[in-house]
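Structure record follows, encoded as structure tokens.
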Amino acid sequence: MRTSLNVPADVLESFDETWQEQEMESRSRAVREAMQEYVERHTNLGGIEGDAVAALAFDYEHTLVIGDLHTVQHEYQDVIGTTQHLHHGDWCLETVFCTGDAGRIRELVYRLRDFDAVGRVNVMFLQPTE
């Protein structure tokens with residue numbers, strides 16, 4: 001199936017450099033792989049239920065969103081155990097460690113992803129074997 005996308009030039013340039021450095025056969029192949037990873041990440045996030053332990057890592061432009069992020073973090077203090085924060089110029093990298101209801105943690109992830117000034121939100125759930 002053919003499709004077209006609007007992608008900022010700098011993102012496309014970085015994407016092209018990355019798939020070519022990885023010696024993938026084509027941009028189409030790289031896009032399919034990236035889409036599959038996106039689907040897997042979001043499907044896994046939606047499939048976890050009950051009590052959970054998770055680490056969320058996200059980056060953001062400090063001055064544009066810090067007040068709103070603090071508000072959200074206070075709203076989810078029932079699942080946020082601790083945070084770590086690193087400054088790098090105007091950008092920050094933050095890690096939030098969560099325990100509690102998987103649904104609440106999922107809501108927190110989606111709230112963080114709603115901010116335009118947040119670049120990425122990556123999630124890792126601890127899934128111990130019983």
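By convention here, the chains of the structure tokens are called A, B, ... in the order presented, each chain's residues are numbered starting at 1, and ligands are numbered starting at 1 in the order presented.
For Gly119 of chain A, the set of protein, DNA and RNA residues having any atom at most 10 Å away, when counting only C-alpha atoms and skipping those fewer than 6 positions along the same chain, is Phe58, Asp59, Tyr60, Glu61, Trp91, Leu93, Leu112 and Arg113 of chain A.
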Residues from last step as file, all heavy atoms, as a compact mmCIF listing (two decimals), in the first residue's frame:
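Output file out-v8.txt is given in full below:
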# COMPACT_ATOMS: atom_id res chain seq x y z
N PHE A 58 11.50 10.85 29.61
CA PHE A 58 11.02 11.79 28.62
C PHE A 58 11.92 13.02 28.57
O PHE A 58 12.60 13.34 29.54
CB PHE A 58 9.55 12.19 28.88
CG PHE A 58 9.26 12.76 30.23
CD1 PHE A 58 9.17 14.13 30.42
CD2 PHE A 58 9.07 11.92 31.32
CE1 PHE A 58 8.88 14.66 31.66
CE2 PHE A 58 8.78 12.44 32.57
CZ PHE A 58 8.69 13.82 32.74
N ASP A 59 11.92 13.67 27.41
CA ASP A 59 12.70 14.89 27.24
C ASP A 59 11.75 16.02 26.90
O ASP A 59 10.68 15.80 26.33
CB ASP A 59 13.78 14.71 26.17
CG ASP A 59 13.22 14.39 24.80
OD1 ASP A 59 12.11 13.85 24.70
OD2 ASP A 59 13.91 14.67 23.81
N TYR A 60 12.15 17.24 27.28
CA TYR A 60 11.27 18.38 27.03
C TYR A 60 12.06 19.68 27.07
O TYR A 60 13.14 19.76 27.64
CB TYR A 60 10.13 18.43 28.05
CG TYR A 60 10.57 18.51 29.49
CD1 TYR A 60 10.73 19.73 30.13
CD2 TYR A 60 10.80 17.34 30.22
CE1 TYR A 60 11.12 19.79 31.46
CE2 TYR A 60 11.19 17.40 31.55
CZ TYR A 60 11.35 18.63 32.16
OH TYR A 60 11.75 18.69 33.47
N GLU A 61 11.46 20.68 26.43
CA GLU A 61 12.04 22.02 26.44
C GLU A 61 11.56 22.72 27.71
O GLU A 61 10.37 23.03 27.86
CB GLU A 61 11.64 22.79 25.19
CG GLU A 61 12.49 24.00 24.97
CD GLU A 61 12.35 24.58 23.57
OE1 GLU A 61 11.66 23.98 22.73
OE2 GLU A 61 12.94 25.64 23.35
N TRP A 91 16.97 22.14 27.26
CA TRP A 91 16.25 20.87 27.29
C TRP A 91 16.55 20.12 28.58
O TRP A 91 17.60 20.28 29.18
CB TRP A 91 16.63 20.01 26.09
CG TRP A 91 15.91 20.47 24.87
CD1 TRP A 91 16.26 21.52 24.05
CD2 TRP A 91 14.71 19.95 24.35
NE1 TRP A 91 15.33 21.67 23.06
CE2 TRP A 91 14.37 20.71 23.20
CE3 TRP A 91 13.87 18.90 24.72
CZ2 TRP A 91 13.24 20.46 22.44
CZ3 TRP A 91 12.74 18.64 23.95
CH2 TRP A 91 12.44 19.42 22.83
N LEU A 93 16.04 16.13 30.56
CA LEU A 93 15.73 14.70 30.49
C LEU A 93 15.27 14.30 31.88
O LEU A 93 15.93 14.61 32.87
CB LEU A 93 16.97 13.89 30.09
CG LEU A 93 16.81 12.38 30.00
CD1 LEU A 93 15.80 12.01 28.91
CD2 LEU A 93 18.16 11.74 29.72
N LEU A 112 1.65 13.00 29.49
CA LEU A 112 2.96 13.53 29.13
C LEU A 112 3.11 13.65 27.62
O LEU A 112 3.67 14.63 27.11
CB LEU A 112 4.08 12.65 29.70
CG LEU A 112 4.18 12.61 31.22
CD1 LEU A 112 5.18 11.55 31.66
CD2 LEU A 112 4.54 13.97 31.79
N ARG A 113 2.59 12.69 26.89
CA ARG A 113 2.70 12.72 25.42
C ARG A 113 1.84 13.82 24.80
O ARG A 113 2.05 14.18 23.63
CB ARG A 113 2.31 11.36 24.84
CG ARG A 113 3.37 10.30 25.07
CD ARG A 113 2.98 8.97 24.51
NE ARG A 113 4.06 8.00 24.66
CZ ARG A 113 3.91 6.70 24.60
NH1 ARG A 113 2.71 6.17 24.36
NH2 ARG A 113 4.93 5.90 24.76
Requested in this report: Using backbone DSSP assignments, extract all strand (DSSP E) residues from chain A; output them as an NGL selection string.
Outcome: :A and (51-61 or 80-88 or 91-101 or 118-126)
Those selected residues, please, written with N, CA, C and O atoms and delivered as a compact mmCIF listing (two decimals), in the first residue's frame.
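Final output, saved to part_4.txt:
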# COMPACT_ATOMS: atom_id res chain seq x y z
N ASP A 51 -1.54 -4.14 39.30
CA ASP A 51 -0.39 -3.44 39.87
C ASP A 51 0.80 -3.56 38.94
O ASP A 51 1.04 -4.62 38.36
N ALA A 52 1.55 -2.48 38.82
CA ALA A 52 2.69 -2.47 37.90
C ALA A 52 3.82 -1.63 38.48
O ALA A 52 3.60 -0.79 39.36
N VAL A 53 5.00 -1.87 37.95
CA VAL A 53 6.18 -1.07 38.25
C VAL A 53 6.71 -0.60 36.90
O VAL A 53 6.86 -1.41 35.97
N ALA A 54 6.99 0.70 36.77
CA ALA A 54 7.40 1.23 35.48
C ALA A 54 8.39 2.37 35.64
O ALA A 54 8.40 3.07 36.65
N ALA A 55 9.21 2.53 34.61
CA ALA A 55 10.08 3.70 34.49
C ALA A 55 9.67 4.45 33.23
O ALA A 55 9.52 3.85 32.16
N LEU A 56 9.46 5.74 33.36
CA LEU A 56 9.12 6.59 32.23
C LEU A 56 10.29 7.54 32.01
O LEU A 56 10.75 8.16 32.97
N ALA A 57 10.75 7.66 30.80
CA ALA A 57 11.82 8.61 30.48
C ALA A 57 11.31 9.54 29.40
O ALA A 57 10.73 9.09 28.41
N PHE A 58 11.50 10.85 29.61
CA PHE A 58 11.02 11.79 28.62
C PHE A 58 11.92 13.02 28.57
O PHE A 58 12.60 13.34 29.54
N ASP A 59 11.92 13.67 27.41
CA ASP A 59 12.70 14.89 27.24
C ASP A 59 11.75 16.02 26.90
O ASP A 59 10.68 15.80 26.33
N TYR A 60 12.15 17.24 27.28
CA TYR A 60 11.27 18.38 27.03
C TYR A 60 12.06 19.68 27.07
O TYR A 60 13.14 19.76 27.64
N GLU A 61 11.46 20.68 26.43
CA GLU A 61 12.04 22.02 26.44
C GLU A 61 11.56 22.72 27.71
O GLU A 61 10.37 23.03 27.86
N ILE A 80 3.61 7.96 41.27
CA ILE A 80 5.00 8.39 41.10
C ILE A 80 5.73 8.22 42.42
O ILE A 80 5.37 8.81 43.43
N GLY A 81 6.80 7.40 42.40
CA GLY A 81 7.59 7.18 43.59
C GLY A 81 8.75 8.15 43.69
O GLY A 81 9.01 8.73 44.75
N THR A 82 9.45 8.33 42.60
CA THR A 82 10.61 9.23 42.59
C THR A 82 10.89 9.68 41.16
O THR A 82 10.43 9.06 40.20
N THR A 83 11.64 10.77 41.06
CA THR A 83 12.02 11.29 39.75
C THR A 83 13.51 11.62 39.74
O THR A 83 14.10 11.87 40.79
N GLN A 84 14.09 11.63 38.55
CA GLN A 84 15.45 12.12 38.34
C GLN A 84 15.38 13.11 37.20
O GLN A 84 14.61 12.91 36.24
N HIS A 85 16.20 14.15 37.29
CA HIS A 85 16.10 15.25 36.34
C HIS A 85 17.51 15.69 35.94
O HIS A 85 18.37 15.85 36.79
N LEU A 86 17.72 15.88 34.63
CA LEU A 86 19.01 16.33 34.12
C LEU A 86 18.79 17.50 33.17
O LEU A 86 17.94 17.42 32.27
N HIS A 87 19.53 18.58 33.39
CA HIS A 87 19.45 19.76 32.51
C HIS A 87 20.51 19.66 31.43
O HIS A 87 21.64 19.24 31.69
N HIS A 88 20.15 20.06 30.21
CA HIS A 88 21.11 20.15 29.11
C HIS A 88 20.71 21.35 28.26
O HIS A 88 19.89 21.23 27.35
N TRP A 91 16.97 22.14 27.26
CA TRP A 91 16.25 20.87 27.29
C TRP A 91 16.55 20.12 28.58
O TRP A 91 17.60 20.28 29.18
N CYS A 92 15.61 19.28 28.97
CA CYS A 92 15.76 18.46 30.16
C CYS A 92 15.42 17.02 29.82
O CYS A 92 14.62 16.75 28.92
N LEU A 93 16.04 16.13 30.56
CA LEU A 93 15.73 14.70 30.49
C LEU A 93 15.27 14.30 31.88
O LEU A 93 15.93 14.61 32.87
N GLU A 94 14.13 13.66 31.95
CA GLU A 94 13.56 13.29 33.24
C GLU A 94 13.16 11.82 33.22
O GLU A 94 12.68 11.30 32.23
N THR A 95 13.40 11.17 34.35
CA THR A 95 12.98 9.79 34.54
C THR A 95 12.06 9.76 35.74
O THR A 95 12.36 10.34 36.78
N VAL A 96 10.91 9.11 35.57
CA VAL A 96 9.92 8.99 36.63
C VAL A 96 9.71 7.51 36.91
O VAL A 96 9.45 6.73 35.99
N PHE A 97 9.88 7.12 38.17
CA PHE A 97 9.69 5.73 38.56
C PHE A 97 8.34 5.59 39.23
O PHE A 97 8.03 6.34 40.16
N CYS A 98 7.53 4.65 38.74
CA CYS A 98 6.15 4.52 39.18
C CYS A 98 5.86 3.13 39.72
O CYS A 98 6.40 2.14 39.23
N THR A 99 4.97 3.08 40.71
CA THR A 99 4.39 1.82 41.19
C THR A 99 2.91 2.06 41.43
O THR A 99 2.53 3.13 41.88
N GLY A 100 2.11 1.07 41.12
CA GLY A 100 0.68 1.20 41.36
C GLY A 100 -0.13 0.69 40.19
O GLY A 100 0.33 -0.10 39.38
N ASP A 101 -1.34 1.18 40.10
CA ASP A 101 -2.28 0.73 39.08
C ASP A 101 -1.77 1.03 37.66
O ASP A 101 -1.43 2.18 37.35
N VAL A 118 7.12 18.31 24.88
CA VAL A 118 7.73 17.04 25.26
C VAL A 118 8.09 16.30 23.97
O VAL A 118 7.23 16.07 23.13
N GLY A 119 9.37 15.96 23.85
CA GLY A 119 9.83 15.32 22.62
C GLY A 119 9.39 13.87 22.52
O GLY A 119 8.72 13.48 21.58
N ARG A 120 9.78 13.07 23.49
CA ARG A 120 9.47 11.64 23.49
C ARG A 120 9.13 11.21 24.91
O ARG A 120 9.63 11.78 25.88
N VAL A 121 8.32 10.18 25.02
CA VAL A 121 8.06 9.54 26.30
C VAL A 121 8.24 8.04 26.07
O VAL A 121 7.49 7.44 25.31
N ASN A 122 9.25 7.47 26.70
CA ASN A 122 9.50 6.04 26.60
C ASN A 122 9.13 5.37 27.91
O ASN A 122 9.37 5.93 28.98
N VAL A 123 8.57 4.17 27.82
CA VAL A 123 8.07 3.46 28.99
C VAL A 123 8.68 2.07 29.05
O VAL A 123 8.77 1.39 28.02
N MET A 124 9.06 1.67 30.23
CA MET A 124 9.51 0.30 30.44
C MET A 124 8.81 -0.22 31.68
O MET A 124 8.93 0.35 32.77
N PHE A 125 8.02 -1.30 31.51
CA PHE A 125 7.35 -1.95 32.63
C PHE A 125 8.21 -3.10 33.12
O PHE A 125 8.74 -3.87 32.31
N LEU A 126 8.33 -3.23 34.42
CA LEU A 126 8.97 -4.39 35.02
C LEU A 126 7.98 -5.53 34.95
O LEU A 126 6.85 -5.40 35.44
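Compared by their closest atoms to Ile48 of chain A, and using only C-alpha atoms, the residues A:Ala117, A:Ala30, A:Ala102, A:Val7 rank with A:Ala102 nearest.
When only C-alpha atoms are used to measure the gap to Val65 of chain A, the shortest distance among A:Glu21, A:Asp90, A:Glu107, A:Met35 belongs to A:Asp90.
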Query raised in the report: So which residues touch Arg104 of chain A within 8 Å, counting only C-alpha atoms, skipping near sequence neighbours fewer than 4 positions away, as a ChimeraX atom specification?
Result: /A:76,79,100,108
Expected file contents, prior selection, C-alpha atoms, as a tab-separated table (two decimals), in the first residue's frame:
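As a result, selection17.tsv now contains:
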chain	number	residue	atom	x	y	z
A	76	TYR	CA	-0.20	11.47	39.70
A	79	VAL	CA	1.80	6.31	41.36
A	100	GLY	CA	0.68	1.20	41.36
A	108	LEU	CA	0.28	9.55	33.08
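You will find atom CA of Ile105 of chain A at 24.9 Å from atom CA of Thr63 of chain A.
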